[in-house]
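**Student:** Structure supplied as entry-v6.cif; contents: mmCIF, C-alpha atoms (C1' of nucleotides).
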```cif
data_upload
loop_
_atom_site.group_PDB
_atom_site.id
_atom_site.type_symbol
_atom_site.label_atom_id
_atom_site.label_comp_id
_atom_site.auth_asym_id
_atom_site.auth_seq_id
_atom_site.Cartn_x
_atom_site.Cartn_y
_atom_site.Cartn_z
ATOM 1 C CA MET A 299 1.184 -1.881 -8.344
ATOM 2 C CA ALA A 300 4.784 -3.074 -8.518
ATOM 3 C CA ASP A 301 5.171 -6.749 -7.711
ATOM 4 C CA ASP A 302 8.426 -6.805 -5.788
ATOM 5 C CA GLN A 303 8.236 -8.273 -2.317
ATOM 6 C CA LEU A 304 8.438 -5.015 -0.403
ATOM 7 C CA SER A 305 5.789 -3.331 -2.534
ATOM 8 C CA LEU A 306 3.480 -6.308 -2.107
ATOM 9 C CA THR A 307 3.942 -6.173 1.646
ATOM 10 C CA PHE A 308 3.357 -2.451 2.027
ATOM 11 C CA ALA A 309 0.376 -2.573 -0.335
ATOM 12 C CA ALA A 310 -1.117 -5.398 1.701
ATOM 13 C CA LEU A 311 -0.698 -3.346 4.862
ATOM 14 C CA ALA A 312 -2.323 -0.291 3.278
ATOM 15 C CA ASP A 313 -5.825 -1.442 4.130
ATOM 16 C CA PRO A 314 -7.473 -1.307 7.557
ATOM 17 C CA THR A 315 -9.439 -4.509 6.977
ATOM 18 C CA ARG A 316 -6.279 -6.421 6.187
ATOM 19 C CA ARG A 317 -4.431 -4.905 9.134
ATOM 20 C CA ALA A 318 -7.314 -5.937 11.387
ATOM 21 C CA ILE A 319 -7.128 -9.455 9.992
ATOM 22 C CA LEU A 320 -3.432 -9.601 10.796
ATOM 23 C CA ALA A 321 -4.135 -8.296 14.286
ATOM 24 C CA ARG A 322 -6.649 -11.069 14.759
ATOM 25 C CA LEU A 323 -4.169 -13.658 13.510
ATOM 26 C CA ALA A 324 -1.605 -12.462 16.004
ATOM 27 C CA ASP A 325 -3.790 -14.239 18.576
ATOM 28 C CA GLY A 326 -3.539 -17.489 16.666
ATOM 29 C CA GLU A 327 -4.850 -19.330 13.643
ATOM 30 C CA ALA A 328 -8.365 -18.661 12.392
ATOM 31 C CA THR A 329 -10.672 -19.836 9.644
ATOM 32 C CA VAL A 330 -12.058 -17.602 6.907
ATOM 33 C CA ASN A 331 -15.453 -17.438 8.578
ATOM 34 C CA GLU A 332 -13.941 -16.486 11.898
ATOM 35 C CA LEU A 333 -11.895 -13.769 10.255
ATOM 36 C CA ALA A 334 -14.876 -12.454 8.321
ATOM 37 C CA GLU A 335 -17.180 -12.317 11.312
ATOM 38 C CA PRO A 336 -16.292 -8.797 12.572
ATOM 39 C CA PHE A 337 -16.693 -7.168 9.162
ATOM 40 C CA ASP A 338 -19.770 -5.883 7.403
ATOM 41 C CA MET A 339 -18.622 -7.379 4.152
ATOM 42 C CA SER A 340 -19.234 -10.496 2.094
ATOM 43 C CA LEU A 341 -17.215 -13.631 2.694
ATOM 44 C CA GLN A 342 -15.901 -13.383 -0.843
ATOM 45 C CA ALA A 343 -14.479 -9.949 -0.136
ATOM 46 C CA ILE A 344 -12.621 -11.332 2.869
ATOM 47 C CA SER A 345 -11.434 -14.210 0.726
ATOM 48 C CA LYS A 346 -9.955 -11.650 -1.660
ATOM 49 C CA HIS A 347 -8.234 -9.823 1.165
ATOM 50 C CA LEU A 348 -6.747 -13.101 2.321
ATOM 51 C CA LYS A 349 -5.470 -13.718 -1.185
ATOM 52 C CA VAL A 350 -3.714 -10.353 -1.111
ATOM 53 C CA LEU A 351 -2.169 -11.181 2.259
ATOM 54 C CA GLU A 352 -1.141 -14.606 1.024
ATOM 55 C CA ARG A 353 0.448 -13.217 -2.134
ATOM 56 C CA ALA A 354 2.445 -10.860 0.077
ATOM 57 C CA GLY A 355 3.522 -13.840 2.160
ATOM 58 C CA LEU A 356 1.970 -12.338 5.270
ATOM 59 C CA ILE A 357 -0.193 -15.374 5.893
ATOM 60 C CA SER A 358 -0.070 -19.036 5.019
ATOM 61 C CA ARG A 359 -3.003 -21.386 4.801
ATOM 62 C CA GLY A 360 -3.553 -24.957 5.833
ATOM 63 C CA ARG A 361 -6.227 -27.487 5.039
ATOM 64 C CA GLN A 362 -8.336 -29.196 7.646
ATOM 65 C CA ALA A 363 -11.414 -30.802 6.165
ATOM 66 C CA GLN A 364 -13.444 -27.974 4.653
ATOM 67 C CA TRP A 365 -11.606 -25.318 6.627
ATOM 68 C CA ARG A 366 -8.666 -23.337 5.367
ATOM 69 C CA PRO A 367 -7.054 -22.039 8.543
ATOM 70 C CA CYS A 368 -4.904 -18.920 8.187
ATOM 71 C CA ARG A 369 -1.704 -18.284 10.075
ATOM 72 C CA LEU A 370 0.327 -15.108 10.385
ATOM 73 C CA GLU A 371 3.762 -15.209 8.770
ATOM 74 C CA GLY A 372 6.164 -12.673 10.171
ATOM 75 C CA ALA A 373 8.986 -12.702 7.651
ATOM 76 C CA PRO A 374 7.669 -9.965 5.313
ATOM 77 C CA LEU A 375 6.894 -7.824 8.348
ATOM 78 C CA ALA A 376 10.495 -8.213 9.400
ATOM 79 C CA ASP A 377 11.617 -7.050 5.955
ATOM 80 C CA ALA A 378 9.254 -4.086 5.979
ATOM 81 C CA SER A 379 10.409 -3.128 9.433
ATOM 82 C CA ALA A 380 14.029 -3.413 8.351
ATOM 83 C CA TRP A 381 13.391 -1.100 5.416
ATOM 84 C CA ILE A 382 11.789 1.535 7.585
ATOM 85 C CA ASP A 383 14.486 1.194 10.201
ATOM 86 C CA ARG A 384 17.054 2.495 7.751
ATOM 87 C CA TYR A 385 15.391 5.847 8.415
ATOM 88 C CA ARG A 386 15.085 5.435 12.141
ATOM 89 C CA GLU A 387 18.138 7.551 12.740
ATOM 90 C CA ILE A 388 16.719 10.315 10.614
ATOM 91 C CA TRP A 389 13.384 10.483 12.295
ATOM 92 C CA HIS A 390 14.920 10.148 15.725
ATOM 93 C CA ASP A 391 17.224 13.009 14.863
ATOM 94 C CA ARG A 392 14.353 15.094 13.611
ATOM 95 C CA LEU A 393 12.075 14.336 16.529
ATOM 96 C CA GLY A 394 14.991 14.724 18.900
ATOM 97 C CA ARG A 395 15.714 18.134 17.496
ATOM 98 C CA LEU A 396 12.060 19.017 17.847
ATOM 99 C CA ASP A 397 12.128 18.047 21.518
ATOM 100 C CA GLU A 398 15.198 20.139 22.053
ATOM 101 C CA GLU A 399 13.562 23.027 20.296
ATOM 102 C CA ILE A 400 10.448 22.786 22.465
ATOM 103 C CA GLN A 401 12.537 22.643 25.595
ATOM 104 C CA ARG A 402 14.608 25.572 24.414
ATOM 105 C CA ILE A 403 11.500 27.632 23.797
ATOM 106 C CA GLN A 404 10.034 26.711 27.145
ATOM 107 C CA ARG A 405 13.255 27.584 28.935
ATOM 108 C CA HIS A 406 13.178 30.839 27.062
ATOM 109 C CA ARG A 407 9.641 31.552 28.195
ATOM 110 C CA THR A 408 10.363 30.690 31.791
ATOM 111 C CA GLU A 409 13.419 32.899 31.856
ATOM 112 C CA GLU A 410 11.649 35.834 30.283
ATOM 113 C CA THR A 411 8.190 35.771 31.820
ATOM 114 C CA GLY A 412 8.809 33.773 34.942
ATOM 115 C CA ASP A 413 5.886 31.631 33.777
ATOM 116 C CA THR A 414 5.219 27.951 34.634
ATOM 117 C CA MET B 60 -7.908 3.332 -0.711
ATOM 118 C CA ALA B 61 -8.762 4.094 2.914
ATOM 119 C CA ASP B 62 -7.641 7.542 3.935
ATOM 120 C CA ASP B 63 -6.537 7.012 7.503
ATOM 121 C CA GLN B 64 -2.982 8.014 8.283
ATOM 122 C CA LEU B 65 -1.534 4.514 8.483
ATOM 123 C CA SER B 66 -3.153 3.408 5.225
ATOM 124 C CA LEU B 67 -1.872 6.522 3.470
ATOM 125 C CA THR B 68 1.631 5.850 4.746
ATOM 126 C CA PHE B 69 1.752 2.185 3.783
ATOM 127 C CA ALA B 70 0.189 2.918 0.395
ATOM 128 C CA ALA B 71 2.797 5.595 -0.246
ATOM 129 C CA LEU B 72 5.548 3.120 0.609
ATOM 130 C CA ALA B 73 4.087 0.465 -1.687
ATOM 131 C CA ASP B 74 5.869 1.849 -4.745
ATOM 132 C CA PRO B 75 9.564 1.443 -5.598
ATOM 133 C CA THR B 76 9.781 4.879 -7.209
ATOM 134 C CA ARG B 77 8.465 6.551 -4.087
ATOM 135 C CA ARG B 78 10.727 4.502 -1.840
ATOM 136 C CA ALA B 79 13.683 5.517 -3.991
ATOM 137 C CA ILE B 80 12.648 9.153 -3.671
ATOM 138 C CA LEU B 81 12.561 8.822 0.097
ATOM 139 C CA ALA B 82 15.962 7.151 0.041
ATOM 140 C CA ARG B 83 17.309 10.072 -1.953
ATOM 141 C CA LEU B 84 15.762 12.549 0.490
ATOM 142 C CA ALA B 85 17.443 10.798 3.381
ATOM 143 C CA ASP B 86 20.615 12.447 2.083
ATOM 144 C CA GLY B 87 19.033 15.876 2.308
ATOM 145 C CA GLU B 88 16.591 18.188 0.572
ATOM 146 C CA ALA B 89 16.161 18.030 -3.184
ATOM 147 C CA THR B 90 14.165 19.756 -5.895
ATOM 148 C CA VAL B 91 11.652 18.028 -8.143
ATOM 149 C CA ASN B 92 14.058 17.993 -11.066
ATOM 150 C CA GLU B 93 16.815 16.495 -8.969
ATOM 151 C CA LEU B 94 14.460 13.822 -7.709
ATOM 152 C CA ALA B 95 13.180 13.061 -11.196
ATOM 153 C CA GLU B 96 16.611 12.743 -12.756
ATOM 154 C CA PRO B 97 17.281 9.015 -12.041
ATOM 155 C CA PHE B 98 13.903 7.903 -13.396
ATOM 156 C CA ASP B 99 12.798 7.146 -16.918
ATOM 157 C CA MET B 100 9.535 8.921 -16.360
ATOM 158 C CA SER B 101 7.992 12.305 -17.039
ATOM 159 C CA LEU B 102 8.420 15.134 -14.565
ATOM 160 C CA GLN B 103 4.656 15.227 -14.125
ATOM 161 C CA ALA B 104 4.654 11.622 -13.012
ATOM 162 C CA ILE B 105 7.254 12.415 -10.365
ATOM 163 C CA SER B 106 5.204 15.417 -9.338
ATOM 164 C CA LYS B 107 2.279 13.068 -8.750
ATOM 165 C CA HIS B 108 4.413 10.724 -6.688
ATOM 166 C CA LEU B 109 5.508 13.672 -4.583
ATOM 167 C CA LYS B 110 1.892 14.587 -4.039
ATOM 168 C CA VAL B 111 1.200 11.105 -2.743
ATOM 169 C CA LEU B 112 4.176 11.331 -0.395
ATOM 170 C CA GLU B 113 3.097 14.764 0.759
ATOM 171 C CA ARG B 114 -0.475 13.632 1.422
ATOM 172 C CA ALA B 115 0.947 10.832 3.550
ATOM 173 C CA GLY B 116 3.004 13.399 5.445
ATOM 174 C CA LEU B 117 6.234 11.685 4.430
ATOM 175 C CA ILE B 118 7.640 14.807 2.852
ATOM 176 C CA SER B 119 7.146 18.532 3.252
ATOM 177 C CA ARG B 120 7.861 21.158 0.653
ATOM 178 C CA GLY B 121 9.357 24.620 0.789
ATOM 179 C CA ARG B 122 9.478 27.481 -1.666
ATOM 180 C CA GLN B 123 12.675 29.018 -2.943
ATOM 181 C CA ALA B 124 12.114 31.116 -6.037
ATOM 182 C CA GLN B 125 10.812 28.703 -8.697
ATOM 183 C CA TRP B 126 12.012 25.632 -6.817
ATOM 184 C CA ARG B 127 9.913 23.550 -4.465
ATOM 185 C CA PRO B 128 12.491 21.707 -2.357
ATOM 186 C CA CYS B 129 11.323 18.475 -0.735
ATOM 187 C CA ARG B 130 12.327 17.294 2.694
ATOM 188 C CA LEU B 131 11.844 13.928 4.328
ATOM 189 C CA GLU B 132 9.486 13.875 7.312
ATOM 190 C CA GLY B 133 10.014 10.945 9.621
ATOM 191 C CA ALA B 134 6.904 11.017 11.797
ATOM 192 C CA PRO B 135 4.685 8.749 9.641
ATOM 193 C CA LEU B 136 7.579 6.321 9.297
ATOM 194 C CA ALA B 137 7.772 6.199 13.056
ATOM 195 C CA ASP B 138 4.064 5.393 13.233
ATOM 196 C CA ALA B 139 4.340 2.703 10.569
ATOM 197 C CA SER B 140 7.305 1.184 12.336
ATOM 198 C CA ALA B 141 5.428 1.239 15.630
ATOM 199 C CA TRP B 142 2.507 -0.581 14.052
ATOM 200 C CA ILE B 143 4.721 -3.321 12.656
ATOM 201 C CA ASP B 144 6.642 -3.582 15.896
ATOM 202 C CA ARG B 145 3.527 -4.788 17.680
ATOM 203 C CA TYR B 146 4.215 -8.015 15.769
ATOM 204 C CA ARG B 147 7.951 -8.054 16.332
ATOM 205 C CA GLU B 148 7.627 -10.515 19.182
ATOM 206 C CA ILE B 149 5.501 -12.791 17.065
ATOM 207 C CA TRP B 150 7.812 -12.933 14.126
ATOM 208 C CA HIS B 151 10.835 -13.334 16.358
ATOM 209 C CA ASP B 152 9.063 -16.144 18.183
ATOM 210 C CA ARG B 153 7.998 -17.810 14.961
ATOM 211 C CA LEU B 154 11.408 -17.651 13.371
ATOM 212 C CA GLY B 155 12.951 -18.810 16.611
ATOM 213 C CA ARG B 156 10.529 -21.709 16.856
ATOM 214 C CA LEU B 157 11.231 -22.607 13.249
ATOM 215 C CA ASP B 158 14.929 -22.833 14.001
ATOM 216 C CA GLU B 159 14.225 -25.019 16.995
ATOM 217 C CA GLU B 160 11.942 -27.212 14.930
ATOM 218 C CA ILE B 161 14.563 -27.702 12.238
ATOM 219 C CA GLN B 162 17.154 -28.576 14.819
ATOM 220 C CA ARG B 163 14.753 -30.952 16.528
ATOM 221 C CA ILE B 164 14.000 -32.728 13.267
ATOM 222 C CA GLN B 165 17.655 -33.005 12.401
ATOM 223 C CA ARG B 166 18.460 -34.407 15.848
ATOM 224 C CA HIS B 167 15.636 -36.866 15.349
ATOM 225 C CA ARG B 168 16.999 -38.007 12.004
ATOM 226 C CA THR B 169 20.466 -38.520 13.340
ATOM 227 C CA GLU B 170 19.260 -40.443 16.381
ATOM 228 C CA GLU B 171 16.931 -42.741 14.452
ATOM 229 C CA THR B 172 17.698 -44.632 11.288
ATOM 230 C CA GLY B 173 17.627 -41.447 9.319
ATOM 231 C CA ASP B 174 14.149 -41.628 7.789
ATOM 232 C CA THR B 175 10.996 -39.620 8.521
ATOM 233 C "C1'" DC C 212 9.146 43.370 -21.939
ATOM 234 C "C1'" DA C 213 10.165 38.441 -23.876
ATOM 235 C "C1'" DG C 214 12.270 34.128 -22.949
ATOM 236 C "C1'" DT C 215 13.842 30.331 -20.065
ATOM 237 C "C1'" DT C 216 13.505 27.285 -16.211
ATOM 238 C "C1'" DG C 217 11.001 24.748 -12.601
ATOM 239 C "C1'" DT C 218 6.885 23.043 -11.504
ATOM 240 C "C1'" DT C 219 1.911 22.129 -11.483
ATOM 241 C "C1'" DC C 220 -2.810 21.491 -13.491
ATOM 242 C "C1'" DA C 221 -6.088 19.230 -16.573
ATOM 243 C "C1'" DA C 222 -7.667 15.772 -19.433
ATOM 244 C "C1'" DC C 223 -7.160 11.406 -21.122
ATOM 245 C "C1'" DT C 224 -5.993 6.196 -21.131
ATOM 246 C "C1'" DC C 225 -5.124 1.786 -19.148
ATOM 247 C "C1'" DT C 226 -4.832 -1.158 -15.285
ATOM 248 C "C1'" DT C 227 -5.715 -2.460 -10.623
ATOM 249 C "C1'" DT C 228 -8.455 -2.639 -6.525
ATOM 250 C "C1'" DG C 229 -12.251 -3.481 -3.590
ATOM 251 C "C1'" DG C 230 -16.587 -4.531 -3.469
ATOM 252 C "C1'" DT C 231 -20.847 -7.065 -5.237
ATOM 253 C "C1'" DT C 232 -23.734 -11.427 -6.683
ATOM 254 C "C1'" DG C 233 -24.252 -16.104 -8.366
ATOM 255 C "C1'" DA C 234 -22.474 -20.399 -9.349
ATOM 256 C "C1'" DG C 235 -19.154 -24.093 -8.322
ATOM 257 C "C1'" DT C 236 -15.979 -27.156 -5.488
ATOM 258 C "C1'" DA C 237 -14.688 -29.819 -1.356
ATOM 259 C "C1'" DT C 238 -15.545 -32.034 2.870
ATOM 260 C "C1'" DG C 239 -18.282 -34.070 6.558
ATOM 261 C "C1'" DC C 240 -22.803 -36.070 8.159
ATOM 262 C "C1'" DG C 241 -27.604 -38.169 8.249
ATOM 263 C "C1'" DC D 53 -26.945 -40.897 -1.640
ATOM 264 C "C1'" DG D 54 -28.586 -35.988 -0.496
ATOM 265 C "C1'" DC D 55 -27.689 -32.016 2.041
ATOM 266 C "C1'" DA D 56 -25.373 -28.570 4.860
ATOM 267 C "C1'" DT D 57 -21.094 -26.136 5.697
ATOM 268 C "C1'" DA D 58 -16.826 -23.742 4.335
ATOM 269 C "C1'" DC D 59 -14.832 -21.719 0.959
ATOM 270 C "C1'" DT D 60 -13.372 -20.251 -3.941
ATOM 271 C "C1'" DC D 61 -14.092 -18.875 -8.777
ATOM 272 C "C1'" DA D 62 -16.028 -15.903 -12.325
ATOM 273 C "C1'" DA D 63 -18.158 -11.972 -14.031
ATOM 274 C "C1'" DC D 64 -19.255 -7.560 -13.306
ATOM 275 C "C1'" DC D 65 -18.939 -2.553 -11.642
ATOM 276 C "C1'" DA D 66 -17.283 1.870 -9.716
ATOM 277 C "C1'" DA D 67 -13.429 4.147 -8.121
ATOM 278 C "C1'" DA D 68 -8.567 4.919 -7.694
ATOM 279 C "C1'" DG D 69 -3.575 4.608 -9.441
ATOM 280 C "C1'" DA D 70 0.084 5.366 -12.492
ATOM 281 C "C1'" DG D 71 1.396 6.901 -16.496
ATOM 282 C "C1'" DT D 72 0.992 10.067 -20.719
ATOM 283 C "C1'" DT D 73 0.686 14.823 -23.313
ATOM 284 C "C1'" DG D 74 -0.321 19.671 -23.618
ATOM 285 C "C1'" DA D 75 -1.183 23.873 -21.465
ATOM 286 C "C1'" DA D 76 -0.538 27.048 -17.670
ATOM 287 C "C1'" DC D 77 1.636 29.389 -13.805
ATOM 288 C "C1'" DA D 78 5.622 31.416 -11.249
ATOM 289 C "C1'" DA D 79 9.995 33.335 -10.782
ATOM 290 C "C1'" DC D 80 14.425 34.570 -12.493
ATOM 291 C "C1'" DT D 81 17.313 36.573 -16.534
ATOM 292 C "C1'" DG D 82 18.545 39.428 -20.436
#
```
Let's see the structure in the file written out as structure tokens.
**Tutor:**
Amino acid sequence: MADDQLSLTFAALADPTRRAILARLADGEATVNELAEPFDMSLQAISKHLKVLERAGLISRGRQAQWRPCRLEGAPLADASAWIDRYREIWHDRLGRLDEEIQRIQRHRTEETGDT
Amino acid sequence: MADDQLSLTFAALADPTRRAILARLADGEATVNELAEPFDMSLQAISKHLKVLERAGLISRGRQAQWRPCRLEGAPLADASAWIDRYREIWHDRLGRLDEEIQRIQRHRTEETGDT
DNA sequence: CAGTTGTTCAACTCTTTGGTTGAGTATGCG
DNA sequence: CGCATACTCAACCAAAGAGTTGAACAACTG
């Protein structure tokens, strides 16, 4: 995998487990054990996922006694969103045109058949 | 890699070559050769990248004689953007709070003797 | 028809990823 | 101290990714 920031972010997001972890962290900080609890997976596997998220800058980690609380960091998400948004116009256009097309067809049908 | 739609989309975006291809396609349809031209990479490699993008639904392909023109499809981008946007409030809040915190600290420094 | 162009398929290599288990480190508590 | 808790590190494995080369297919051109 490429190691530029955007690639790291998207790669980190390309896994349901990691997305679920981020969703959990949106509700506030959590420890590794708390994050691992919902998953049928070893603690070490979760630890690895957290490392991926950390490398992507999506989370940061503190130290409180033997706990390493994780916190969501939004900045890379903002960058990823900004990248995608460069295409927002395009997909809006496309979807907009699709809507128009559907409406056109339905008008057509109504005119011709007198249908609903 | 997980094969749900969102994972496929993010995984497809997690590569600079593929992102560059999408950027190129934002300007309009292109053939495989046209897409491959900027890259120092075999045509077959580009073909593979296109397959990844196609599997993620990010592009669709036509047939014109021996050419297979590619077109950008926005729908998965819209989904990806929507997923990230669920965290927009959080990252805005966080960045906002960070600003406030910095300002608070700086006020503090100025008011007191200047030390932490 | 043969030849050229555009593209894909197949097989191979090398690296990364996502999981495992087992051992090791760090902190708090009796 | 000794022990439990929270977590990480290391080694391993199977599967997937990203690239290569060589061969094949498809459609146009002379």
**Student:** Enter the distance from atom CA of Glu327 of chain A to atom CA of Ile382 of chain A, in Å, rounded to one decimal.
**Tutor:**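 Result for atom CA of Glu327 of chain A versus atom CA of Ile382 of chain A: 27.4 Å, one decimal.
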**Student:** Which residue out of A:Glu332, A:Cys368, A:Ala324, A:Lys349 has the minimum interatomic distance to Arg147 of chain B when only C-alpha atoms are used?
**Tutor:** A:Ala324
**Student:** Please identify all polymer residues within 12 Å of DG74 of chain D, counting only C-alpha atoms (C1' of nucleotides), omitting same-chain residues fewer than 3 positions from it, and present them as a ChimeraX atom specification.
**Tutor:** /B:103 /C:220-223
**Student:** The PyMOL selection byres ((chain C) within 8 of (chain A)) - which residues does that actually catch in the file I just gave you? List them as a list in words.
**Tutor:**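 Applying the PyMOL selection byres ((chain C) within 8 of (chain A)) to the structure shown produces DT227, DG229, DG230, DA237, DT238 and DG239 of chain C.
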**Student:** Name the closest residue to Leu131 of chain B among the candidates B:Leu67, B:Ala61, B:Ile118, B:Ala79; distances are taken between atoms, counting only C-alpha atoms.
**Tutor:** B:Ile118
**Student:** If the PyMOL selection byres ((chain B and resi 102) around 12) were run on this exact file, what residues would it hold? Put them as a list in words.
**Tutor:**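 After applying the PyMOL selection byres ((chain B and resi 102) around 12), what remains is Thr90, Val91, Asn92, Glu93, Leu94, Ala95, Glu96, Pro97, Phe98, Asp99, Met100, Ser101, Gln103, Ala104, Ile105, Ser106, Lys107, His108 and Leu109 of chain B; DG217, DT218 and DT219 of chain C; DG71, DT72 and DT73 of chain D.
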**Student:** Dump as an NGL selection string the residues of chain A that approach chain B to within 6 Å, counting only C-alpha atoms.
**Tutor:** :A and (305 or 308-309 or 312-313 or 372 or 389)
**Student:** Output the residue selection produced by the PyMOL selection byres ((chain D) within 8 of (chain B)) on the file above, formatted as a list of chain:residue names.
**Tutor:**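 For this structure, the PyMOL selection byres ((chain D) within 8 of (chain B)) resolves to D:DA68, D:DA70, D:DG71, D:DA78, D:DA79, D:DC80.
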**Student:** Quick one: distance from atom CA of Arg369 of chain A to atom C1' of DT60 of chain D in Å, one decimal?
**Tutor:**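 If I compute the distance from atom CA of Arg369 of chain A to atom C1' of DT60 of chain D, I get 18.3 Å.
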**Student:** In Å to one decimal, how far is atom C1' of DG82 of chain D from atom CA of Gly121 of chain B?
**Tutor:** 27.5 Å
**Student:** Counting only C-alpha atoms (C1' of nucleotides), which residues sit no farther than 12 Å from the position (-18.6, -13.7, -11.9) in the file's frame? I'd like them as an mmCIF file with C-alpha atoms (C1' of nucleotides), keeping the file's coordinate frame.
**Tutor:**
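Writing done, so here's out_1.cif:
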```cif
data_model
loop_
_atom_site.group_PDB
_atom_site.id
_atom_site.type_symbol
_atom_site.label_atom_id
_atom_site.label_comp_id
_atom_site.auth_asym_id
_atom_site.auth_seq_id
_atom_site.Cartn_x
_atom_site.Cartn_y
_atom_site.Cartn_z
ATOM 1 C CA GLN A 342 -15.901 -13.383 -0.843
ATOM 2 C "C1'" DT C 231 -20.847 -7.065 -5.237
ATOM 3 C "C1'" DT C 232 -23.734 -11.427 -6.683
ATOM 4 C "C1'" DG C 233 -24.252 -16.104 -8.366
ATOM 5 C "C1'" DA C 234 -22.474 -20.399 -9.349
ATOM 6 C "C1'" DG C 235 -19.154 -24.093 -8.322
ATOM 7 C "C1'" DT D 60 -13.372 -20.251 -3.941
ATOM 8 C "C1'" DC D 61 -14.092 -18.875 -8.777
ATOM 9 C "C1'" DA D 62 -16.028 -15.903 -12.325
ATOM 10 C "C1'" DA D 63 -18.158 -11.972 -14.031
ATOM 11 C "C1'" DC D 64 -19.255 -7.560 -13.306
ATOM 12 C "C1'" DC D 65 -18.939 -2.553 -11.642
#
```
